[in-house]
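Shown next: query_28.pdb, given as PDB, C-alpha atoms and all ligand atoms.
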```pdb
ATOM      1  CA  MET A   1      -0.718  -0.434 -21.436
ATOM      2  CA  TYR A   2       0.423  -0.386 -17.804
ATOM      3  CA  ASP A   3       3.374  -1.354 -15.637
ATOM      4  CA  ILE A   4       2.146  -1.628 -12.065
ATOM      5  CA  ILE A   5       4.722  -1.151  -9.293
ATOM      6  CA  GLY A   6       4.378  -2.205  -5.637
ATOM      7  CA  ASP A   7       5.529  -0.610  -2.345
ATOM      8  CA  ILE A   8       8.802   1.331  -2.733
ATOM      9  CA  HIS A   9       9.399   2.699   0.801
ATOM     10  CA  GLY A  10      12.273   5.016  -0.034
ATOM     11  CA  HIS A  11      14.241   2.605  -2.236
ATOM     12  CA  ALA A  12      14.982   5.051  -5.054
ATOM     13  CA  ASP A  13      17.959   3.186  -6.548
ATOM     14  CA  GLU A  14      15.850   0.075  -6.986
ATOM     15  CA  LEU A  15      13.019   2.178  -8.437
ATOM     16  CA  VAL A  16      15.282   3.712 -11.083
ATOM     17  CA  GLU A  17      16.728   0.270 -11.871
ATOM     18  CA  LEU A  18      13.232  -1.189 -12.232
ATOM     19  CA  LEU A  19      11.997   1.671 -14.432
ATOM     20  CA  THR A  20      15.071   1.248 -16.645
ATOM     21  CA  LYS A  21      14.497  -2.504 -16.857
ATOM     22  CA  LEU A  22      10.886  -1.804 -17.924
ATOM     23  CA  GLY A  23      12.092   0.482 -20.735
ATOM     24  CA  TYR A  24      11.493   3.887 -19.135
ATOM     25  CA  ALA A  25      14.142   6.591 -19.646
ATOM     26  CA  GLU A  26      14.594   9.953 -17.967
ATOM     27  CA  SER A  27      14.167  13.119 -19.984
ATOM     28  CA  ALA A  28      13.645  16.616 -18.572
ATOM     29  CA  GLY A  29      13.416  15.204 -15.029
ATOM     30  CA  CYS A  30      10.754  12.604 -15.763
ATOM     31  CA  PHE A  31      10.925   8.866 -16.518
ATOM     32  CA  ARG A  32       8.788   8.000 -19.524
ATOM     33  CA  HIS A  33       8.033   5.109 -21.850
ATOM     34  CA  PRO A  34       7.038   5.730 -25.471
ATOM     35  CA  THR A  35       3.859   3.634 -25.211
ATOM     36  CA  ARG A  36       3.289   2.608 -21.588
ATOM     37  CA  GLN A  37       2.332   4.157 -18.263
ATOM     38  CA  VAL A  38       3.286   3.204 -14.698
ATOM     39  CA  ILE A  39       0.735   2.734 -11.933
ATOM     40  CA  PHE A  40       2.109   2.966  -8.391
ATOM     41  CA  CYS A  41       0.313   1.001  -5.648
ATOM     42  CA  GLY A  42       1.279   3.515  -2.897
ATOM     43  CA  ASP A  43       3.661   3.401   0.102
ATOM     44  CA  PHE A  44       6.386   5.620  -1.329
ATOM     45  CA  ILE A  45       7.703   6.742   2.060
ATOM     46  CA  ASP A  46       9.119   5.490   5.404
ATOM     47  CA  ARG A  47      11.790   2.862   6.069
ATOM     48  CA  GLY A  48      14.196   3.206   3.101
ATOM     49  CA  PRO A  49      17.304   5.346   2.533
ATOM     50  CA  HIS A  50      16.163   7.693  -0.289
ATOM     51  CA  ILE A  51      12.575   8.716   0.434
ATOM     52  CA  PRO A  52      12.650  12.259  -1.055
ATOM     53  CA  ASP A  53      14.101  10.843  -4.295
ATOM     54  CA  VAL A  54      11.285   8.298  -4.556
ATOM     55  CA  VAL A  55       8.668  11.013  -4.046
ATOM     56  CA  ARG A  56      10.395  13.271  -6.590
ATOM     57  CA  VAL A  57      10.589  10.538  -9.273
ATOM     58  CA  ALA A  58       7.034   9.268  -8.739
ATOM     59  CA  ARG A  59       5.502  12.719  -8.426
ATOM     60  CA  ALA A  60       7.154  13.978 -11.617
ATOM     61  CA  MET A  61       5.847  10.930 -13.487
ATOM     62  CA  VAL A  62       2.298  11.413 -12.198
ATOM     63  CA  GLU A  63       2.317  15.146 -12.897
ATOM     64  CA  GLU A  64       3.651  14.557 -16.431
ATOM     65  CA  ASP A  65       1.099  11.803 -17.165
ATOM     66  CA  ALA A  66       3.800   9.133 -17.344
ATOM     67  CA  ALA A  67       2.237   7.427 -14.310
ATOM     68  CA  GLN A  68      -0.808   7.190 -12.071
ATOM     69  CA  ALA A  69      -0.793   6.320  -8.370
ATOM     70  CA  VAL A  70      -3.016   5.377  -5.446
ATOM     71  CA  MET A  71      -2.456   6.292  -1.801
ATOM     72  CA  GLY A  72      -0.859   3.788   0.577
ATOM     73  CA  ASN A  73      -1.430   3.535   4.304
ATOM     74  CA  HIS A  74       1.961   5.168   4.940
ATOM     75  CA  GLU A  75       0.941   8.313   3.028
ATOM     76  CA  PHE A  76      -2.398   8.346   4.847
ATOM     77  CA  ASN A  77      -0.645   7.892   8.200
ATOM     78  CA  ALA A  78       1.792  10.724   7.388
ATOM     79  CA  LEU A  79      -1.094  13.091   6.627
ATOM     80  CA  ALA A  80      -2.774  12.292   9.956
ATOM     81  CA  TYR A  81       0.586  12.442  11.795
ATOM     82  CA  HIS A  82       1.194  16.026  10.627
ATOM     83  CA  THR A  83      -2.375  17.344  11.008
ATOM     84  CA  PHE A  84      -3.692  18.898  14.224
ATOM     85  CA  ASP A  85      -7.101  17.957  15.560
ATOM     86  CA  PRO A  86      -9.343  20.870  14.464
ATOM     87  CA  ASP A  87     -11.099  20.712  17.866
ATOM     88  CA  SER A  88      -7.927  20.428  19.966
ATOM     89  CA  PRO A  89      -5.121  22.352  18.274
ATOM     90  CA  ASP A  90      -2.312  20.868  20.420
ATOM     91  CA  THR A  91      -3.140  17.292  19.494
ATOM     92  CA  TYR A  92      -2.105  15.530  16.319
ATOM     93  CA  LEU A  93      -4.673  13.265  14.686
ATOM     94  CA  ARG A  94      -2.137  10.422  14.589
ATOM     95  CA  PRO A  95      -0.504  10.239  17.996
ATOM     96  CA  HIS A  96       3.257  10.850  18.150
ATOM     97  CA  ASN A  97       3.796   7.740  20.285
ATOM     98  CA  SER A  98       6.957   5.666  20.000
ATOM     99  CA  GLN A  99       5.539   3.124  17.537
ATOM    100  CA  ASN A 100       4.230   5.812  15.164
ATOM    101  CA  ARG A 101       7.394   7.916  15.520
ATOM    102  CA  LYS A 102       9.500   4.881  14.685
ATOM    103  CA  GLN A 103       7.421   4.054  11.597
ATOM    104  CA  HIS A 104       7.745   7.611  10.262
ATOM    105  CA  HIS A 105      11.286   8.340  11.500
ATOM    106  CA  GLN A 106      13.209   7.965   8.217
ATOM    107  CA  THR A 107      10.782  10.244   6.378
ATOM    108  CA  GLN A 108      11.171  12.983   8.987
ATOM    109  CA  GLU A 109      14.958  12.608   8.997
ATOM    110  CA  GLN A 110      15.326  12.814   5.232
ATOM    111  CA  PHE A 111      12.939  15.641   4.311
ATOM    112  CA  SER A 112      13.353  19.271   5.265
ATOM    113  CA  ALA A 113      10.220  20.617   6.965
ATOM    114  CA  GLU A 114       9.363  22.574   3.836
ATOM    115  CA  ASP A 115       9.856  19.649   1.445
ATOM    116  CA  LEU A 116       7.798  17.397   3.696
ATOM    117  CA  LEU A 117       4.880  19.860   3.510
ATOM    118  CA  HIS A 118       5.261  19.876  -0.260
ATOM    119  CA  ALA A 119       5.179  16.049  -0.302
ATOM    120  CA  LEU A 120       2.073  15.990   1.929
ATOM    121  CA  GLU A 121       0.365  18.323  -0.532
ATOM    122  CA  TRP A 122       0.959  15.762  -3.264
ATOM    123  CA  PHE A 123      -0.258  12.848  -1.128
ATOM    124  CA  ARG A 124      -3.596  14.685  -0.734
ATOM    125  CA  THR A 125      -4.116  14.421  -4.498
ATOM    126  CA  LEU A 126      -3.718  10.619  -4.625
ATOM    127  CA  PRO A 127      -6.930   8.628  -5.132
ATOM    128  CA  ALA A 128      -7.768   5.723  -2.817
ATOM    129  CA  ALA A 129      -8.393   3.460  -5.812
ATOM    130  CA  LEU A 130      -8.134   3.422  -9.596
ATOM    131  CA  GLU A 131     -10.490   1.671 -11.969
ATOM    132  CA  LEU A 132      -9.132   1.639 -15.526
ATOM    133  CA  ASP A 133      -9.960  -0.282 -18.669
ATOM    134  CA  GLY A 134      -9.889  -3.887 -17.475
ATOM    135  CA  LEU A 135      -7.955  -3.459 -14.256
ATOM    136  CA  ARG A 136      -8.225  -2.103 -10.717
ATOM    137  CA  ILE A 137      -5.551  -0.815  -8.365
ATOM    138  CA  VAL A 138      -5.791  -0.239  -4.633
ATOM    139  CA  HIS A 139      -3.202  -0.366  -1.852
ATOM    140  CA  ALA A 140      -4.690  -3.241   0.173
ATOM    141  CA  CYS A 141      -8.314  -4.299  -0.516
ATOM    142  CA  TRP A 142     -10.865  -3.747  -3.272
ATOM    143  CA  ASN A 143     -14.169  -2.935  -1.616
ATOM    144  CA  ARG A 144     -16.532  -0.821  -3.685
ATOM    145  CA  ALA A 145     -18.654   0.397  -0.759
ATOM    146  CA  ALA A 146     -15.597   1.495   1.236
ATOM    147  CA  ILE A 147     -14.072   3.248  -1.791
ATOM    148  CA  ASN A 148     -17.365   5.114  -2.265
ATOM    149  CA  VAL A 149     -17.351   6.230   1.389
ATOM    150  CA  ILE A 150     -13.830   7.665   0.983
ATOM    151  CA  ASN A 151     -14.658   9.402  -2.305
ATOM    152  CA  SER A 152     -17.883  10.960  -1.057
ATOM    153  CA  SER A 153     -16.129  12.175   2.127
ATOM    154  CA  ILE A 154     -13.456  13.791  -0.060
ATOM    155  CA  ASP A 155     -16.198  15.565  -2.041
ATOM    156  CA  GLU A 156     -17.884  16.730   1.133
ATOM    157  CA  LEU A 157     -14.930  17.664   3.369
ATOM    158  CA  GLY A 158     -12.050  18.279   0.950
ATOM    159  CA  PRO A 159      -9.230  15.865   0.129
ATOM    160  CA  TYR A 160      -7.597  14.791   3.403
ATOM    161  CA  SER A 161      -8.560  18.073   5.060
ATOM    162  CA  ALA A 162      -8.342  18.288   8.870
ATOM    163  CA  ASP A 163     -12.102  17.586   9.046
ATOM    164  CA  PHE A 164     -11.734  14.548   6.773
ATOM    165  CA  LEU A 165      -8.763  13.218   8.742
ATOM    166  CA  LYS A 166     -10.537  13.793  12.061
ATOM    167  CA  LEU A 167     -13.347  11.412  11.043
ATOM    168  CA  ALA A 168     -10.931   9.058   9.321
ATOM    169  CA  THR A 169      -8.955   8.596  12.559
ATOM    170  CA  GLN A 170     -12.022   8.198  14.799
ATOM    171  CA  LYS A 171     -12.289   4.496  15.632
ATOM    172  CA  GLN A 172     -15.471   2.879  14.274
ATOM    173  CA  HIS A 173     -16.524   5.948  12.249
ATOM    174  CA  PRO A 174     -17.614   4.734   8.766
ATOM    175  CA  LEU A 175     -14.764   6.733   7.195
ATOM    176  CA  PHE A 176     -12.248   5.188   9.608
ATOM    177  CA  ASN A 177     -13.534   1.721   8.717
ATOM    178  CA  ALA A 178     -13.396   2.515   4.997
ATOM    179  CA  ILE A 179      -9.768   3.698   5.154
ATOM    180  CA  GLU A 180      -8.812   0.673   7.266
ATOM    181  CA  CYS A 181     -10.403  -1.664   4.739
ATOM    182  CA  VAL A 182      -9.061  -0.079   1.527
ATOM    183  CA  MET A 183      -5.577   1.028   2.622
ATOM    184  CA  LYS A 184      -4.772  -1.469   5.390
ATOM    185  CA  GLY A 185      -6.946  -4.439   4.445
ATOM    186  CA  PRO A 186      -9.456  -6.365   6.567
ATOM    187  CA  GLU A 187      -7.888  -8.165   9.531
ATOM    188  CA  LEU A 188      -9.021 -11.148  11.562
ATOM    189  CA  ASN A 189      -8.726 -11.362  15.362
ATOM    190  CA  LEU A 190      -6.621 -14.314  16.470
ATOM    191  CA  PRO A 191      -8.075 -16.759  19.006
ATOM    192  CA  GLU A 192      -7.841 -15.519  22.611
ATOM    193  CA  GLY A 193      -4.271 -15.526  23.917
ATOM    194  CA  MET A 194      -2.602 -16.001  20.522
ATOM    195  CA  THR A 195      -0.314 -13.363  18.957
ATOM    196  CA  VAL A 196       1.979 -12.914  15.959
ATOM    197  CA  THR A 197       4.993 -10.611  15.628
ATOM    198  CA  ASP A 198       5.061  -8.461  12.496
ATOM    199  CA  LYS A 199       8.073  -7.426  10.412
ATOM    200  CA  GLU A 200       8.636  -4.351  12.553
ATOM    201  CA  GLY A 201       8.682  -6.398  15.742
ATOM    202  CA  ASN A 202       5.223  -5.289  16.889
ATOM    203  CA  VAL A 203       3.191  -7.965  18.656
ATOM    204  CA  ARG A 204      -0.249  -8.204  17.045
ATOM    205  CA  LYS A 205      -3.466  -9.947  18.013
ATOM    206  CA  ARG A 206      -4.819  -9.739  14.462
ATOM    207  CA  ILE A 207      -3.661 -11.090  11.126
ATOM    208  CA  ARG A 208      -3.905  -9.794   7.585
ATOM    209  CA  ILE A 209      -5.982 -12.152   5.481
ATOM    210  CA  ARG A 210      -6.628 -13.385   1.949
ATOM    211  CA  TRP A 211      -9.731 -11.157   1.846
ATOM    212  CA  PHE A 212     -10.314 -12.023  -1.824
ATOM    213  CA  GLU A 213     -11.108 -15.660  -0.907
ATOM    214  CA  SER A 214     -13.921 -17.039   1.194
ATOM    215  CA  PRO A 215     -12.772 -18.421   4.580
ATOM    216  CA  ASP A 216     -14.584 -21.743   3.989
ATOM    217  CA  GLN A 217     -11.635 -23.816   2.879
ATOM    218  CA  HIS A 218      -8.980 -22.047   4.938
ATOM    219  CA  THR A 219      -7.080 -22.685   8.163
ATOM    220  CA  TRP A 220      -5.511 -19.919  10.290
ATOM    221  CA  ALA A 221      -2.199 -20.765   8.638
ATOM    222  CA  THR A 222      -3.423 -20.552   5.038
ATOM    223  CA  TYR A 223      -5.906 -17.668   5.418
ATOM    224  CA  SER A 224      -3.149 -15.450   6.758
ATOM    225  CA  LEU A 225      -1.448 -13.243   4.148
ATOM    226  CA  PRO A 226       1.388 -13.973   3.870
ATOM    227  CA  VAL A 227       0.903 -17.604   4.912
ATOM    228  CA  LYS A 228       2.042 -18.214   8.501
ATOM    229  CA  THR A 229       2.739 -21.900   8.961
ATOM    230  CA  ASN A 230       3.133 -21.509  12.727
ATOM    231  CA  LEU A 231      -0.549 -20.584  13.099
ATOM    232  CA  PRO A 232      -3.054 -23.374  13.841
ATOM    233  CA  HIS A 233      -4.022 -25.664  10.971
ATOM    234  CA  THR A 234      -7.663 -25.481  12.037
ATOM    235  CA  GLY A 235     -10.564 -23.708  10.356
ATOM    236  CA  VAL A 236     -11.052 -19.935  10.664
ATOM    237  CA  PRO A 237     -14.386 -18.491  11.834
ATOM    238  CA  GLN A 238     -16.904 -18.302   9.006
ATOM    239  CA  ASN A 239     -17.685 -14.695   9.960
ATOM    240  CA  ALA A 240     -14.133 -13.626   9.039
ATOM    241  CA  PRO A 241     -14.152 -10.193   7.320
ATOM    242  CA  ALA A 242     -13.861 -11.611   3.796
ATOM    243  CA  MET A 243     -14.538  -9.681   0.564
ATOM    244  CA  PRO A 244     -14.456 -12.586  -1.888
ATOM    245  CA  TYR A 245     -13.338 -11.345  -5.292
ATOM    246  CA  ALA A 246     -15.328 -13.073  -8.052
ATOM    247  CA  ASP A 247     -13.475 -14.891 -10.841
ATOM    248  CA  ASP A 248     -15.147 -12.779 -13.539
ATOM    249  CA  GLU A 249     -14.100  -9.418 -12.086
ATOM    250  CA  PRO A 250     -11.227  -7.512 -13.750
ATOM    251  CA  PRO A 251      -7.724  -8.134 -12.393
ATOM    252  CA  VAL A 252      -6.949  -6.197  -9.207
ATOM    253  CA  PHE A 253      -3.439  -5.256  -8.080
ATOM    254  CA  VAL A 254      -2.478  -4.459  -4.489
ATOM    255  CA  GLY A 255       0.699  -3.771  -2.512
ATOM    256  CA  HIS A 256       0.871  -3.735   1.300
ATOM    257  CA  TYR A 257       1.349  -7.395   2.224
ATOM    258  CA  TRP A 258       5.168  -7.769   2.579
ATOM    259  CA  LEU A 259       5.232 -11.043   0.689
ATOM    260  CA  PRO A 260       8.414 -12.991   1.470
ATOM    261  CA  GLU A 261       8.517 -15.199  -1.632
ATOM    262  CA  THR A 262      11.368 -14.839  -4.111
ATOM    263  CA  SER A 263       9.320 -16.008  -7.132
ATOM    264  CA  PRO A 264       6.396 -13.625  -7.602
ATOM    265  CA  ALA A 265       3.105 -15.146  -8.728
ATOM    266  CA  PRO A 266      -0.568 -14.107  -8.817
ATOM    267  CA  LEU A 267      -2.482 -14.851  -5.594
ATOM    268  CA  LYS A 268      -5.343 -16.002  -7.809
ATOM    269  CA  PRO A 269      -5.912 -15.589 -11.555
ATOM    270  CA  ASN A 270      -7.325 -12.067 -11.158
ATOM    271  CA  VAL A 271      -5.558 -10.889  -7.964
ATOM    272  CA  ALA A 272      -1.872 -10.010  -7.583
ATOM    273  CA  CYS A 273       0.153  -8.403  -4.800
ATOM    274  CA  LEU A 274       3.257  -6.485  -5.874
ATOM    275  CA  ASP A 275       4.815  -5.911  -2.434
ATOM    276  CA  TYR A 276       7.787  -8.269  -2.203
ATOM    277  CA  SER A 277       9.429  -6.558   0.780
ATOM    278  CA  VAL A 278      12.051  -4.318  -0.855
ATOM    279  CA  ALA A 279      12.307  -2.628   2.549
ATOM    280  CA  LYS A 280      13.188  -5.942   4.178
ATOM    281  CA  HIS A 281      15.959  -7.258   1.910
ATOM    282  CA  GLY A 282      13.426  -8.525  -0.635
ATOM    283  CA  MET A 283      12.601  -7.227  -4.119
ATOM    284  CA  LEU A 284      10.927  -4.279  -5.779
ATOM    285  CA  CYS A 285       8.280  -5.785  -8.018
ATOM    286  CA  ALA A 286       6.297  -4.736 -11.098
ATOM    287  CA  TYR A 287       3.741  -6.436 -13.335
ATOM    288  CA  ARG A 288       3.607  -5.756 -17.086
ATOM    289  CA  PHE A 289      -0.117  -5.626 -17.817
ATOM    290  CA  ASP A 290      -1.361  -5.864 -21.410
ATOM    291  CA  GLY A 291      -5.086  -6.312 -20.896
ATOM    292  CA  GLU A 292      -5.160 -10.017 -20.018
ATOM    293  CA  THR A 293      -8.028 -11.210 -17.805
ATOM    294  CA  SER A 294      -5.963 -14.038 -16.316
ATOM    295  CA  LEU A 295      -2.681 -12.863 -14.805
ATOM    296  CA  SER A 296       0.543 -14.619 -15.754
ATOM    297  CA  VAL A 297       3.515 -15.592 -13.628
ATOM    298  CA  ASN A 298       5.751 -14.594 -16.567
ATOM    299  CA  ARG A 299       4.831 -10.914 -16.438
ATOM    300  CA  PHE A 300       6.358 -10.045 -13.072
ATOM    301  CA  VAL A 301       9.576  -8.010 -13.250
ATOM    302  CA  THR A 302      11.750  -7.592 -10.157
ATOM    303  CA  VAL A 303      14.958  -6.004  -8.917
ATOM    304  CA  ASP A 304      16.691  -7.122  -5.739
ATOM    305  CA  SER A 305      16.857  -4.776  -2.763
ATOM    306  CA  ARG A 306      20.272  -3.106  -2.572
ATOM    307  CA  ASP A 307      20.468  -3.896   1.133
ATOM    308  CA  ARG A 308      19.562  -7.514   0.567
ATOM    309  CA  GLY A 309      21.197  -9.906   2.983
ATOM    310  CA  ASP A 310      23.218  -7.329   4.911
ATOM    311  CA  GLY A 311      21.289  -8.236   8.037
ATOM    312  CA  SER A 312      20.521  -4.620   8.999
TER
HETATM  313 MN    MN B   1       3.939  -0.974   2.566
END
```
Re-express the file's structure as structure tokens.
Ligand SMILES: [Mn+2]
Amino acid sequence: MYDIIGDIHGHADELVELLTKLGYAESAGCFRHPTRQVIFCGDFIDRGPHIPDVVRVARAMVEEDAAQAVMGNHEFNALAYHTFDPDSPDTYLRPHNSQNRKQHHQTQEQFSAEDLLHALEWFRTLPAALELDGLRIVHACWNRAAINVINSSIDELGPYSADFLKLATQKQHPLFNAIECVMKGPELNLPEGMTVTDKEGNVRKRIRIRWFESPDQHTWATYSLPVKTNLPHTGVPQNAPAMPYADDEPPVFVGHYWLPETSPAPLKPNVACLDYSVAKHGMLCAYRFDGETSLSVNRFVTVDSRDRGDGS
């Protein structure tokens, strides 16, 4: 069966510790388990201290069939950041503005130009979503129609080719919307004049939401993911971009959401997020999946971030 691992963001020491804790051992440059396989939820790069090591470990496992992986928004962003607009060869498809440079800075610092190209080649091979026997994995949001749009665009234009990335970075293009939904998750506009500050200090007018639940019973505070108690305790608009995930669907695992809690738990019986903010003094988190249809709080396995509590 499968051990599903959340966002790593360059924290290679924690990754090796977690793999060891899960019973994987390195042989011939690849971590393996005699009977199990890892599934990575994406976001290997940016932020942490050992990004090339994370890519090397994860890539070897995927190429040796010891793991599978989906693409995270950071891998997608890196591909667009390093690809020129096919119609304007001096312009990158993801602008090199200060916010984007800052997000990608550690990756650029730590890779040689040649090794970064090699890493980008691997990112192009990562699927947007995985559907296996009795479970689903995606970086942010399970939406069948959006996944189909991405997969058919890959068939038509080539995997993350310049033509693919051009459409995927064109605001309001169906491929742009599909990538936003699957890799970044649907977001809800805050009421006029209200903002939140994210973990990177960016002021945002939109919040990430519990897309897998209907907005009916939610307030701004509780519909936000993670929960933000400083948001209004009043109802959210009923036209919020929800993708309610039915109770009888197979379990789905996501990363992406920077959960702050120190005791991991499913978000609902068939939905779990495995991003517990290892890049922000939190934990690297895995779930040991053995085919159950109702996820258990006892199957999460974590290791603390090595830079936990140092305030940096
Ligand atoms: Mn992430």
> Which residues come within 8 Å of range 108-111 of chain A, counting only C-alpha atoms, excluding same-chain residues fewer than 6 positions away, as number ranges by chain?
Replying inline: A: 50-52
Take the residues that were just selected and, keeping C-alpha atoms, output them as a CSV table (one decimal), in the coordinates of the input.
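Result file out.csv:
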```csv
chain,number,residue,atom,x,y,z
A,50,HIS,CA,16.2,7.7,-0.3
A,51,ILE,CA,12.6,8.7,0.4
A,52,PRO,CA,12.6,12.3,-1.1
```
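Residue nearest ligand MN 1 (chain B), chosen from A:Ala221, A:Ala69, A:Met243, A:Cys41 and counting all atoms listed in the file: A:Cys41.
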> Given the choices A:Asn230, A:Gln170, A:Gln238, A:Thr302, which gets closest to Ala265 in chain A if the distance is worked out from all atoms listed in the file?
Replying inline: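 Closest to Ala265 in chain A, using all atoms listed in the file: A:Thr302.
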List every residue of chain A that has an atom at most 10 Å from any atom of ligand MN 1 (chain B), and for each one report the closest atom pair and its distance in Å to one decimal, counting all atoms listed in the file, with rows sorted by chain and then by increasing residue number, as CSV.
```
residue,atom,partner,partner_atom,distance
A:Gly6,CA,B:MN1,MN,8.3
A:Asp7,CA,B:MN1,MN,5.2
A:Ile8,CA,B:MN1,MN,7.6
A:His9,CA,B:MN1,MN,6.8
A:Cys41,CA,B:MN1,MN,9.2
A:Gly42,CA,B:MN1,MN,7.6
A:Asp43,CA,B:MN1,MN,5.0
A:Phe44,CA,B:MN1,MN,8.0
A:Ile45,CA,B:MN1,MN,8.6
A:Asp46,CA,B:MN1,MN,8.8
A:Arg47,CA,B:MN1,MN,9.4
A:Gly72,CA,B:MN1,MN,7.0
A:Asn73,CA,B:MN1,MN,7.2
A:His74,CA,B:MN1,MN,6.9
A:Glu75,CA,B:MN1,MN,9.8
A:His139,CA,B:MN1,MN,8.4
A:Ala140,CA,B:MN1,MN,9.2
A:Met183,CA,B:MN1,MN,9.7
A:Lys184,CA,B:MN1,MN,9.2
A:Gly255,CA,B:MN1,MN,6.6
A:His256,CA,B:MN1,MN,4.3
A:Tyr257,CA,B:MN1,MN,6.9
A:Trp258,CA,B:MN1,MN,6.9
A:Asp275,CA,B:MN1,MN,7.1
A:Tyr276,CA,B:MN1,MN,9.5
A:Ser277,CA,B:MN1,MN,8.0
A:Val278,CA,B:MN1,MN,9.4
A:Ala279,CA,B:MN1,MN,8.5
```
>> Quick check, in Å to one decimal: how far apart do CA of Ser153 in chain A and CA of Ala128 in chain A lie?
In response: 11.7 Å
> In Å, how far is it from CA of Val55 in chain A to CA of Cys30 in chain A?
Replying inline: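 Spanning CA of Val55 in chain A to CA of Cys30 in chain A is a straight-line distance of 12.0 Å.
With all atoms listed in the file as the atoms that count, the minimum distance from Gly201 in chain A to the choices A:Tyr223, A:Leu132, A:Leu165, A:Lys102 is reached by A:Lys102.
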>> Excluding Pro86 in chain A and its own-chain neighbours fewer than 2 positions away, which residues fall within 8 Å of it when counting only C-alpha atoms? Please give them as a list in words.
In response: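 That gives Phe84, Ser88, Pro89, Ala162, Asp163 and Lys166 of chain A.
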> In Å to one decimal, how far is CA of Thr107 in chain A from CA of Leu284 in chain A?
Replying inline: 18.9 Å
> Hey, what comes out of the PyMOL selection byres (((chain A and resi 29) around 10) and not hetatm) on this file? Could you write it as a PyMOL selection string?
Replying inline: chain A and resi 25-28+30-32+56-57+60-61+64
Around range 214-233 of chain A, fit a box with edges along x, y and z, padding it by 4 Å on each side, then list its centre and edge lengths in Å to one decimal as AutoDock Vina command-line options.
```
--center_x -5.7 --center_y -19.5 --center_z 7.5 --size_x 25.7 --size_y 20.4 --size_z 20.6
```
Could I see range 224-238 of chain A restored to N, CA and C atoms, set down as a PDB file, in the frame of the given file?
```
ATOM      1  N   SER A 224      -4.022 -16.571   6.452  1.00  0.00           N
ATOM      2  CA  SER A 224      -3.149 -15.450   6.758  1.00  0.00           C
ATOM      3  C   SER A 224      -2.403 -15.038   5.493  1.00  0.00           C
ATOM      4  N   LEU A 225      -2.202 -13.731   5.308  1.00  0.00           N
ATOM      5  CA  LEU A 225      -1.448 -13.243   4.148  1.00  0.00           C
ATOM      6  C   LEU A 225      -0.330 -12.344   4.650  1.00  0.00           C
ATOM      7  N   PRO A 226       0.984 -12.697   4.462  1.00  0.00           N
ATOM      8  CA  PRO A 226       1.388 -13.973   3.870  1.00  0.00           C
ATOM      9  C   PRO A 226       1.058 -15.164   4.767  1.00  0.00           C
ATOM     10  N   VAL A 227       1.156 -16.360   4.180  1.00  0.00           N
ATOM     11  CA  VAL A 227       0.903 -17.604   4.912  1.00  0.00           C
ATOM     12  C   VAL A 227       1.813 -17.663   6.139  1.00  0.00           C
ATOM     13  N   LYS A 228       1.248 -18.045   7.281  1.00  0.00           N
ATOM     14  CA  LYS A 228       2.042 -18.214   8.501  1.00  0.00           C
ATOM     15  C   LYS A 228       1.874 -19.647   8.982  1.00  0.00           C
ATOM     16  N   THR A 229       2.885 -20.467   8.688  1.00  0.00           N
ATOM     17  CA  THR A 229       2.739 -21.900   8.961  1.00  0.00           C
ATOM     18  C   THR A 229       2.713 -22.211  10.444  1.00  0.00           C
ATOM     19  N   ASN A 230       3.161 -21.241  11.283  1.00  0.00           N
ATOM     20  CA  ASN A 230       3.133 -21.509  12.727  1.00  0.00           C
ATOM     21  C   ASN A 230       1.768 -21.238  13.356  1.00  0.00           C
ATOM     22  N   LEU A 231       0.804 -20.752  12.559  1.00  0.00           N
ATOM     23  CA  LEU A 231      -0.549 -20.584  13.099  1.00  0.00           C
ATOM     24  C   LEU A 231      -1.286 -21.922  13.018  1.00  0.00           C
ATOM     25  N   PRO A 232      -2.367 -22.078  13.802  1.00  0.00           N
ATOM     26  CA  PRO A 232      -3.054 -23.374  13.841  1.00  0.00           C
ATOM     27  C   PRO A 232      -3.578 -23.807  12.460  1.00  0.00           C
ATOM     28  N   HIS A 233      -3.494 -25.103  12.220  1.00  0.00           N
ATOM     29  CA  HIS A 233      -4.022 -25.664  10.971  1.00  0.00           C
ATOM     30  C   HIS A 233      -5.463 -26.117  11.190  1.00  0.00           C
ATOM     31  N   THR A 234      -6.235 -25.218  11.812  1.00  0.00           N
ATOM     32  CA  THR A 234      -7.663 -25.481  12.037  1.00  0.00           C
ATOM     33  C   THR A 234      -8.462 -24.372  11.367  1.00  0.00           C
ATOM     34  N   GLY A 235      -9.732 -24.635  11.116  1.00  0.00           N
ATOM     35  CA  GLY A 235     -10.564 -23.708  10.356  1.00  0.00           C
ATOM     36  C   GLY A 235     -10.686 -22.324  11.003  1.00  0.00           C
ATOM     37  N   VAL A 236     -10.834 -21.289  10.141  1.00  0.00           N
ATOM     38  CA  VAL A 236     -11.052 -19.935  10.664  1.00  0.00           C
ATOM     39  C   VAL A 236     -12.553 -19.710  10.818  1.00  0.00           C
ATOM     40  N   PRO A 237     -12.955 -18.759  11.673  1.00  0.00           N
ATOM     41  CA  PRO A 237     -14.386 -18.491  11.834  1.00  0.00           C
ATOM     42  C   PRO A 237     -15.026 -18.104  10.507  1.00  0.00           C
ATOM     43  N   GLN A 238     -16.234 -18.579  10.279  1.00  0.00           N
ATOM     44  CA  GLN A 238     -16.904 -18.302   9.006  1.00  0.00           C
ATOM     45  C   GLN A 238     -17.373 -16.848   8.903  1.00  0.00           C
TER      46      GLN A 238
END
```
